[in-house]
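Data from entry27.csv: CSV, C-alpha atoms and all ligand atoms
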chain,number,residue,atom,x,y,z
A,1,MET,CA,18.8,41.1,146.0
A,2,GLY,CA,19.2,44.8,146.3
A,3,ILE,CA,16.3,45.1,148.7
A,4,LEU,CA,17.7,42.2,150.8
A,5,LEU,CA,21.1,43.9,151.0
A,6,ALA,CA,19.5,47.1,152.0
A,7,LYS,CA,17.6,45.4,154.8
A,8,PHE,CA,20.7,43.9,156.4
A,9,SER,CA,23.1,46.8,155.8
A,10,PRO,CA,24.0,48.8,158.9
A,11,GLU,CA,22.4,52.3,159.2
A,12,TYR,CA,24.2,55.5,159.8
A,13,ILE,CA,22.6,58.8,160.7
A,14,ILE,CA,23.7,61.8,158.8
A,15,ARG,CA,22.4,65.3,159.3
A,16,ILE,CA,22.4,67.9,156.6
A,17,ILE,CA,22.5,71.4,158.1
A,18,GLY,CA,23.3,75.0,157.4
A,19,LEU,CA,21.5,78.3,157.0
A,20,ASP,CA,18.1,78.4,155.2
A,21,ASN,CA,18.3,78.8,151.4
A,22,SER,CA,21.9,77.3,151.3
A,23,GLY,CA,20.6,74.4,149.1
A,24,LYS,CA,20.2,71.6,151.6
A,25,THR,CA,17.0,70.1,150.2
A,26,THR,CA,18.3,70.4,146.6
A,27,ILE,CA,21.5,68.6,147.6
A,28,LEU,CA,19.5,65.9,149.4
A,29,TYR,CA,17.5,65.2,146.3
A,30,ARG,CA,20.6,65.3,144.1
A,31,LEU,CA,22.2,62.7,146.4
A,32,LYS,CA,19.1,60.6,146.0
A,33,GLY,CA,19.4,60.9,142.3
A,34,ASP,CA,22.9,59.6,142.3
A,35,GLN,CA,22.4,56.5,144.3
A,36,SER,CA,19.7,53.8,144.8
A,37,SER,CA,17.3,55.4,147.2
A,38,ILE,CA,15.6,53.0,149.7
A,39,SER,CA,13.0,55.3,151.2
A,40,THR,CA,11.8,58.9,151.2
A,41,VAL,CA,9.9,60.7,153.9
A,42,SER,CA,8.9,64.3,153.4
A,43,THR,CA,6.8,66.0,155.9
A,44,ASN,CA,6.3,69.6,157.0
A,45,GLY,CA,9.6,70.7,158.4
A,46,PHE,CA,12.0,67.9,157.4
A,47,ASN,CA,13.0,65.5,154.7
A,48,LEU,CA,14.5,62.1,155.3
A,49,GLU,CA,16.2,59.9,152.7
A,50,THR,CA,17.8,56.5,153.0
A,51,ILE,CA,20.5,56.0,150.4
A,52,GLN,CA,22.6,52.9,150.0
A,53,CYS,CA,26.3,53.4,149.4
A,54,MET,CA,29.1,50.8,149.7
A,55,ASN,CA,26.7,48.4,151.6
A,56,LYS,CA,25.8,51.0,154.2
A,57,ASN,CA,22.5,52.6,154.6
A,58,LEU,CA,22.9,56.4,154.9
A,59,VAL,CA,19.9,57.9,156.6
A,60,ILE,CA,20.1,61.5,155.7
A,61,TRP,CA,18.0,64.1,157.7
A,62,ASP,CA,17.4,67.5,156.3
A,63,ILE,CA,15.8,69.3,159.2
A,64,GLY,CA,15.4,72.8,157.8
A,65,GLY,CA,17.5,75.9,158.4
A,66,HIS,CA,15.5,78.4,160.3
A,67,ARG,CA,17.1,79.5,163.5
A,68,ASN,CA,14.5,78.1,165.9
A,69,VAL,CA,14.6,74.7,164.2
A,70,ARG,CA,18.4,74.7,164.3
A,71,ASN,CA,18.5,75.5,168.0
A,72,LEU,CA,16.0,72.7,168.6
A,73,TYR,CA,18.0,70.0,166.8
A,74,ARG,CA,21.5,70.9,167.9
A,75,HIS,CA,21.5,68.4,170.7
A,76,TYR,CA,21.1,65.6,168.2
A,77,TYR,CA,24.3,66.4,166.4
A,78,PRO,CA,26.6,64.5,168.8
A,79,GLN,CA,24.5,61.4,168.2
A,80,SER,CA,25.0,61.6,164.5
A,81,HIS,CA,27.5,59.5,162.5
A,82,ALA,CA,28.3,62.5,160.3
A,83,LEU,CA,27.2,66.0,159.5
A,84,ILE,CA,27.0,67.8,156.2
A,85,PHE,CA,27.2,71.6,156.6
A,86,VAL,CA,26.0,73.4,153.5
A,87,VAL,CA,27.2,76.9,152.6
A,88,ASP,CA,25.7,79.2,150.0
A,89,ALA,CA,29.0,80.4,148.6
A,90,SER,CA,27.3,83.3,146.9
A,91,ASP,CA,25.7,84.7,150.1
A,92,HIS,CA,28.2,87.4,151.0
A,93,GLN,CA,25.7,89.2,153.2
A,94,ARG,CA,25.3,86.3,155.7
A,95,ILE,CA,28.9,85.3,156.0
A,96,ASP,CA,29.0,86.3,159.7
A,97,GLU,CA,25.8,84.4,160.4
A,98,MET,CA,27.2,81.4,158.6
A,99,LYS,CA,30.5,81.6,160.6
A,100,ASP,CA,28.6,81.8,163.9
A,101,GLU,CA,26.4,78.9,162.9
A,102,PHE,CA,29.4,76.7,161.9
A,103,ALA,CA,31.2,77.6,165.2
A,104,GLU,CA,28.1,76.5,167.1
A,105,VAL,CA,27.9,73.3,165.2
A,106,LEU,CA,31.5,72.5,165.9
A,107,LYS,CA,31.1,73.3,169.6
A,108,CYS,CA,28.3,70.7,170.0
A,109,SER,CA,29.5,67.9,167.8
A,110,GLU,CA,32.9,67.0,169.0
A,111,GLY,CA,34.5,64.1,167.0
A,112,VAL,CA,31.6,63.8,164.4
A,113,PRO,CA,33.0,63.6,160.9
A,114,THR,CA,31.9,66.7,159.0
A,115,VAL,CA,31.6,67.5,155.3
A,116,LEU,CA,31.4,71.1,154.3
A,117,ILE,CA,29.6,71.7,151.0
A,118,LEU,CA,30.4,75.0,149.3
A,119,ASN,CA,27.3,75.2,147.1
A,120,LYS,CA,26.1,77.5,144.3
A,121,GLN,CA,29.5,77.4,142.5
A,122,ASP,CA,27.6,78.3,139.3
A,123,LYS,CA,27.0,81.8,140.6
A,124,GLU,CA,29.5,84.4,139.3
A,125,ASN,CA,29.9,86.0,142.7
A,126,ALA,CA,30.7,82.7,144.6
A,127,MET,CA,33.3,83.2,147.3
A,128,THR,CA,36.5,81.2,146.8
A,129,GLU,CA,37.2,78.0,148.6
A,130,SER,CA,40.3,79.4,150.3
A,131,PHE,CA,38.3,82.5,151.5
A,132,ILE,CA,35.6,80.4,153.0
A,133,LYS,CA,38.1,78.0,154.6
A,134,GLU,CA,39.9,80.9,156.1
A,135,GLN,CA,36.6,82.5,157.4
A,136,LEU,CA,35.5,79.2,159.0
A,137,LYS,CA,39.1,78.4,160.3
A,138,LEU,CA,38.9,75.0,158.8
A,139,ASP,CA,42.6,74.3,159.2
A,140,ASP,CA,42.2,74.7,163.0
A,141,ILE,CA,39.8,71.8,163.3
A,142,LYS,CA,41.6,69.0,165.0
A,143,ASP,CA,38.8,67.1,166.8
A,144,ARG,CA,37.3,65.3,163.7
A,145,LYS,CA,37.8,64.2,160.2
A,146,TRP,CA,36.5,66.8,157.7
A,147,PHE,CA,36.2,67.2,154.0
A,148,VAL,CA,35.3,70.0,151.6
A,149,GLN,CA,33.2,69.5,148.5
A,150,LEU,CA,32.5,72.3,145.9
A,151,THR,CA,29.1,71.8,144.2
A,152,SER,CA,26.4,73.4,142.1
A,153,ALA,CA,23.4,71.4,143.2
A,154,LEU,CA,21.3,72.8,140.5
A,155,ASN,CA,23.5,71.3,137.8
A,156,SER,CA,23.9,67.6,137.3
A,157,GLU,CA,27.2,67.2,139.1
A,158,SER,CA,27.9,63.9,140.7
A,159,ASN,CA,28.2,63.6,144.4
A,160,SER,CA,30.0,60.3,144.3
A,161,SER,CA,33.2,61.5,146.0
A,162,LEU,CA,31.1,63.0,148.9
A,163,LEU,CA,29.2,59.7,149.4
A,164,GLN,CA,32.4,57.7,149.1
A,165,TRP,CA,34.1,60.0,151.7
A,166,LEU,CA,31.1,59.5,154.1
A,167,SER,CA,31.0,55.8,153.6
A,168,ASN,CA,34.8,55.5,154.4
A,169,ASN,CA,34.7,57.8,157.4
A,170,ILE,CA,31.6,57.1,159.4
B,1,LIG,P1,17.5,75.0,151.8
B,1,LIG,O1,16.6,76.0,152.4
B,1,LIG,O2,18.8,75.0,152.4
B,1,LIG,O3,16.9,73.6,151.9
B,1,LIG,O4,17.7,75.4,150.3
B,1,LIG,P2,16.9,74.8,149.0
B,1,LIG,O5,17.4,73.5,148.6
B,1,LIG,O6,15.4,74.9,149.2
B,1,LIG,O7,17.4,75.9,147.9
B,1,LIG,C1,17.2,77.3,148.1
B,1,LIG,C2,17.2,77.9,146.7
B,1,LIG,O8,18.5,77.9,146.2
B,1,LIG,C3,16.3,77.3,145.7
B,1,LIG,O9,15.7,78.3,144.9
B,1,LIG,C4,17.3,76.4,144.9
B,1,LIG,O10,16.8,76.2,143.6
B,1,LIG,C5,18.5,77.2,144.9
B,1,LIG,N1,19.7,76.5,144.7
B,1,LIG,C6,20.1,75.4,145.4
B,1,LIG,N2,21.3,75.0,145.0
B,1,LIG,C7,21.8,75.8,144.1
B,1,LIG,C8,23.0,76.0,143.3
B,1,LIG,O11,23.9,75.2,143.3
B,1,LIG,N3,23.0,77.1,142.4
B,1,LIG,C9,22.0,78.0,142.3
B,1,LIG,N4,22.2,79.0,141.5
B,1,LIG,N5,20.9,77.9,143.0
B,1,LIG,C10,20.8,76.8,143.9
Using structure tokens, write down the structure that the file contains.
Ligand code: GDP
Amino acid sequence: MGILLAKFSPEYIIRIIGLDNSGKTTILYRLKGDQSSISTVSTNGFNLETIQCMNKNLVIWDIGGHRNVRNLYRHYYPQSHALIFVVDASDHQRIDEMKDEFAEVLKCSEGVPTVLILNKQDKENAMTESFIKEQLKLDDIKDRKWFVQLTSALNSESNSSLLQWLSNNI
């Protein structure tokens, strides 16, 4: 029955992006652990998971975070149903790079619902939510629906509110 439902459920493309080492792959596998996963593809350079949530198949692409890869894939962002931008909240040194990357993502993905994950909350030096929101000028975003989720992907925190938000807003 589950397999049948999955077969006929509509598919939605979601891209998980952000700087390298922010925790994208860990989050993807955490999401997979929370929900029934339909398929997994892992090849050199990217990971692909199809997860079923609220009768929708969420096809989540983790395309790697190195600059050359990010530049290559940017033109796929507008054709996505949603984006998940992962921030390493403990990475004070690369805050400027992260701001630039987020600004680039916003520029080329008008209207695409976006989730911002502030990851690595278990680290003592994690930047606060309000600081990161201010740095990224989140309150100025008017062209899309957006949502902020604090996580520690290494710990067994549930991502159900994130998946629910995605399912409701794609
Ligand atoms: P990616 O390059 O964005 O895909 O990042 P990875 O998922 O490979 O994670 C990079 C490193 O950060 C790995 O060593 C992970 O174990 C670690 N990591 C991921 N999420 C967390 C977290 O929430 N807390 C901590 N302390 N480490 C994390």
Quiz item: Separation of atom CA of A:Tyr29 and atom CA of A:Thr151, in Å?
Solution: 13.5 Å
Can I get the residues of chain A within 7 Å of ligand LIG 1 (chain B), each with the closest pair of atoms and their distance in Å to one decimal, using all atoms listed in the file, sorted chain first then ascending number, as a tab-separated table?
residue	atom	partner	partner_atom	distance
A:Gly18	CA	B:LIG1	O2	6.7
A:Leu19	CA	B:LIG1	O2	6.3
A:Asp20	CA	B:LIG1	O1	4.0
A:Asn21	CA	B:LIG1	O1	3.4
A:Ser22	CA	B:LIG1	O2	4.0
A:Gly23	CA	B:LIG1	O4	3.3
A:Lys24	CA	B:LIG1	O2	3.8
A:Thr25	CA	B:LIG1	O5	3.8
A:Thr26	CA	B:LIG1	O5	3.8
A:Ile27	CA	B:LIG1	O5	6.5
A:Gly64	CA	B:LIG1	O3	6.1
A:Gly65	CA	B:LIG1	O1	6.1
A:Asn119	CA	B:LIG1	O11	5.1
A:Lys120	CA	B:LIG1	O11	3.3
A:Gln121	CA	B:LIG1	O11	6.1
A:Asp122	CA	B:LIG1	N3	5.7
A:Lys123	CA	B:LIG1	N4	5.6
A:Thr151	CA	B:LIG1	O11	6.3
A:Ser152	CA	B:LIG1	O11	3.3
A:Ala153	CA	B:LIG1	O11	3.8
A:Leu154	CA	B:LIG1	O11	4.5
A:Asn155	CA	B:LIG1	O11	6.8
Exercise. Tell me which of A:Leu48, A:Leu150, A:Met54, A:Leu28 sits closest to A:Ala126, counting all atoms listed in the file.
Key: A:Leu150
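Here the question is which of A:Arg67, A:Arg15, A:Lys137, A:Arg30 gets nearest to A:Ala103 using all atoms listed in the file, and that residue is A:Lys137.
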Exercise. Could you please give me, as a list in words, the residues of protein, DNA or RNA lying at most 10 Å from (36.9, 65.1, 151.5) in the coordinate frame of the file, considering all atoms listed in the file?
Key: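 In the file's frame, the residues around the point are Thr114, Val115, Leu116, Ile117, Lys145, Trp146, Phe147, Val148, Gln149, Ser161, Leu162, Leu163, Gln164, Trp165, Leu166 and Asn169 of chain A.
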With C-alpha atoms retained, could you export that selection as a compact mmCIF listing (two decimals), in the frame of the given file?
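Final output, saved to out-v4.txt:
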# COMPACT_ATOMS: atom_id res chain seq x y z
CA THR A 114 31.90 66.70 159.00
CA VAL A 115 31.60 67.50 155.30
CA LEU A 116 31.40 71.10 154.30
CA ILE A 117 29.60 71.70 151.00
CA LYS A 145 37.80 64.20 160.20
CA TRP A 146 36.50 66.80 157.70
CA PHE A 147 36.20 67.20 154.00
CA VAL A 148 35.30 70.00 151.60
CA GLN A 149 33.20 69.50 148.50
CA SER A 161 33.20 61.50 146.00
CA LEU A 162 31.10 63.00 148.90
CA LEU A 163 29.20 59.70 149.40
CA GLN A 164 32.40 57.70 149.10
CA TRP A 165 34.10 60.00 151.70
CA LEU A 166 31.10 59.50 154.10
CA ASN A 169 34.70 57.80 157.40
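Closest approach to A:Met98 among A:Val112, A:Ile84, A:Leu136, A:Ile13: A:Leu136, based on all atoms listed in the file.
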Quiz item: Which of these residues is nearest to A:Leu31, using all atoms listed in the file: A:Leu58, A:Leu106, A:Gly45, A:Lys133?
Solution: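 Going through A:Leu58, A:Leu106, A:Gly45, A:Lys133 one by one, the smallest distance to A:Leu31 is for A:Leu58.
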Quiz item: Which one of A:Leu138, A:Cys53, A:Ile170, A:Leu118 sits closest to A:Val86 if you count all atoms listed in the file?
Solution: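 Smallest separation from A:Val86 among the options: A:Leu118.
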Self-check item: Point-to-point distance in Å for atom CA of A:Glu101 and atom CA of A:Asn125
Solution: 21.7 Å
Practice problem: For atom CA of A:Glu124 and atom CA of A:Phe102, quote the distance in Å rounded to one decimal. | Solution: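 Atom CA of A:Phe102 lies at a distance of 23.9 Å from atom CA of A:Glu124.
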Quiz item: Got a sec to check which residues sit within 7 Å of (20.4, 59.9, 154.7), counting all atoms listed in the file, and write them as a PyMOL selection string?
Solution: chain A and resi 13-14+48-51+58-61
Exercise. Name all residues at most 7 Å from A:Lys56 (count all atoms listed in the file; drop same-chain ones fewer than 6 positions away) and give them as a list in words.
Key: Ser9, Pro10 and Glu11 of chain A
Quiz prompt | Pick from A:Asn47, A:Arg74, A:Ser130, A:Asp88 nearest to A:Asp62, counting all atoms listed in the file | solution =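 Ranked by minimum distance to A:Asp62, first place goes to A:Asn47.
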Quiz item: What's the 8 Å shell around A:Asp143, counting all atoms listed in the file, without same-chain residues fewer than 2 positions away, as a list of chain:residue names?
Solution: A:Glu110, A:Gly111, A:Ile141, A:Lys145
Please write N, CA, C and O atoms of stretch 108-137 of chain A, from the structure given just now, as a compact mmCIF listing (two decimals), in the first residue's frame.
# COMPACT_ATOMS: atom_id res chain seq x y z
N CYS A 108 18.85 34.43 -7.64
CA CYS A 108 18.52 33.57 -8.79
C CYS A 108 17.41 32.57 -8.47
O CYS A 108 17.29 31.55 -9.15
N SER A 109 16.58 32.83 -7.47
CA SER A 109 15.53 31.86 -7.16
C SER A 109 14.25 32.56 -6.74
O SER A 109 13.58 32.12 -5.79
N GLU A 110 13.91 33.61 -7.46
CA GLU A 110 12.76 34.43 -7.06
C GLU A 110 11.51 33.56 -6.87
O GLU A 110 11.17 32.73 -7.72
N GLY A 111 10.83 33.76 -5.76
CA GLY A 111 9.55 33.08 -5.52
C GLY A 111 9.65 31.66 -5.01
O GLY A 111 8.63 31.07 -4.63
N VAL A 112 10.85 31.08 -4.97
CA VAL A 112 10.98 29.67 -4.54
C VAL A 112 10.97 29.61 -3.00
O VAL A 112 11.84 30.23 -2.35
N PRO A 113 10.01 28.89 -2.40
CA PRO A 113 9.97 28.78 -0.94
C PRO A 113 11.32 28.31 -0.39
O PRO A 113 11.93 27.40 -0.96
N THR A 114 11.77 28.94 0.68
CA THR A 114 13.13 28.68 1.17
C THR A 114 13.14 28.43 2.68
O THR A 114 12.57 29.20 3.43
N VAL A 115 13.80 27.35 3.05
CA VAL A 115 14.00 27.06 4.47
C VAL A 115 15.45 27.36 4.80
O VAL A 115 16.36 26.96 4.05
N LEU A 116 15.67 28.05 5.88
CA LEU A 116 17.02 28.31 6.35
C LEU A 116 17.25 27.44 7.59
O LEU A 116 16.52 27.59 8.58
N ILE A 117 18.21 26.55 7.50
CA ILE A 117 18.51 25.70 8.67
C ILE A 117 19.76 26.26 9.35
O ILE A 117 20.82 26.37 8.73
N LEU A 118 19.61 26.63 10.61
CA LEU A 118 20.77 27.09 11.39
C LEU A 118 21.27 25.88 12.16
O LEU A 118 20.75 25.53 13.22
N ASN A 119 22.27 25.24 11.59
CA ASN A 119 22.74 23.95 12.10
C ASN A 119 23.87 24.12 13.13
O ASN A 119 24.39 25.21 13.31
N LYS A 120 24.21 23.03 13.75
CA LYS A 120 25.30 22.93 14.74
C LYS A 120 24.98 23.75 16.01
O LYS A 120 25.84 24.40 16.59
N GLN A 121 23.71 23.67 16.41
CA GLN A 121 23.29 24.38 17.62
C GLN A 121 23.90 23.77 18.88
O GLN A 121 23.85 24.39 19.94
N ASP A 122 24.43 22.56 18.76
CA ASP A 122 25.07 21.93 19.93
C ASP A 122 26.40 22.58 20.27
O ASP A 122 26.93 22.39 21.36
N LYS A 123 26.96 23.36 19.34
CA LYS A 123 28.27 23.95 19.59
C LYS A 123 28.12 25.21 20.44
O LYS A 123 27.24 26.04 20.18
N GLU A 124 29.01 25.32 21.41
CA GLU A 124 28.89 26.42 22.38
C GLU A 124 28.99 27.79 21.73
O GLU A 124 28.40 28.76 22.20
N ASN A 125 29.78 27.87 20.64
CA ASN A 125 30.00 29.18 20.02
C ASN A 125 28.98 29.49 18.91
O ASN A 125 29.20 30.40 18.12
N ALA A 126 27.89 28.73 18.86
CA ALA A 126 26.91 28.96 17.78
C ALA A 126 26.37 30.40 17.83
O ALA A 126 26.01 30.89 18.91
N MET A 127 26.31 31.03 16.68
CA MET A 127 25.76 32.39 16.60
C MET A 127 24.25 32.32 16.85
O MET A 127 23.61 31.33 16.52
N THR A 128 23.70 33.37 17.40
CA THR A 128 22.27 33.34 17.75
C THR A 128 21.41 33.47 16.50
O THR A 128 21.85 34.00 15.47
N GLU A 129 20.18 33.02 16.64
CA GLU A 129 19.23 33.12 15.53
C GLU A 129 19.05 34.58 15.10
O GLU A 129 19.09 34.90 13.92
N SER A 130 18.91 35.48 16.10
CA SER A 130 18.63 36.87 15.73
C SER A 130 19.84 37.49 15.01
O SER A 130 19.67 38.25 14.05
N PHE A 131 21.06 37.10 15.42
CA PHE A 131 22.25 37.63 14.77
C PHE A 131 22.30 37.18 13.30
O PHE A 131 22.52 37.98 12.38
N ILE A 132 22.06 35.89 13.08
CA ILE A 132 22.15 35.36 11.70
C ILE A 132 21.02 35.96 10.85
O ILE A 132 21.23 36.35 9.69
N LYS A 133 19.84 36.08 11.44
CA LYS A 133 18.70 36.66 10.68
C LYS A 133 19.02 38.10 10.26
O LYS A 133 18.71 38.52 9.15
N GLU A 134 19.68 38.79 11.15
CA GLU A 134 20.05 40.18 10.84
C GLU A 134 21.12 40.23 9.76
O GLU A 134 21.04 41.00 8.81
N GLN A 135 22.13 39.34 9.89
CA GLN A 135 23.21 39.29 8.90
C GLN A 135 22.67 38.98 7.50
O GLN A 135 23.10 39.55 6.51
N LEU A 136 21.72 38.07 7.45
CA LEU A 136 21.20 37.63 6.14
C LEU A 136 20.02 38.49 5.68
O LEU A 136 19.46 38.25 4.62
N LYS A 137 19.65 39.47 6.49
CA LYS A 137 18.54 40.39 6.17
C LYS A 137 17.24 39.62 5.85
O LYS A 137 16.54 39.92 4.88
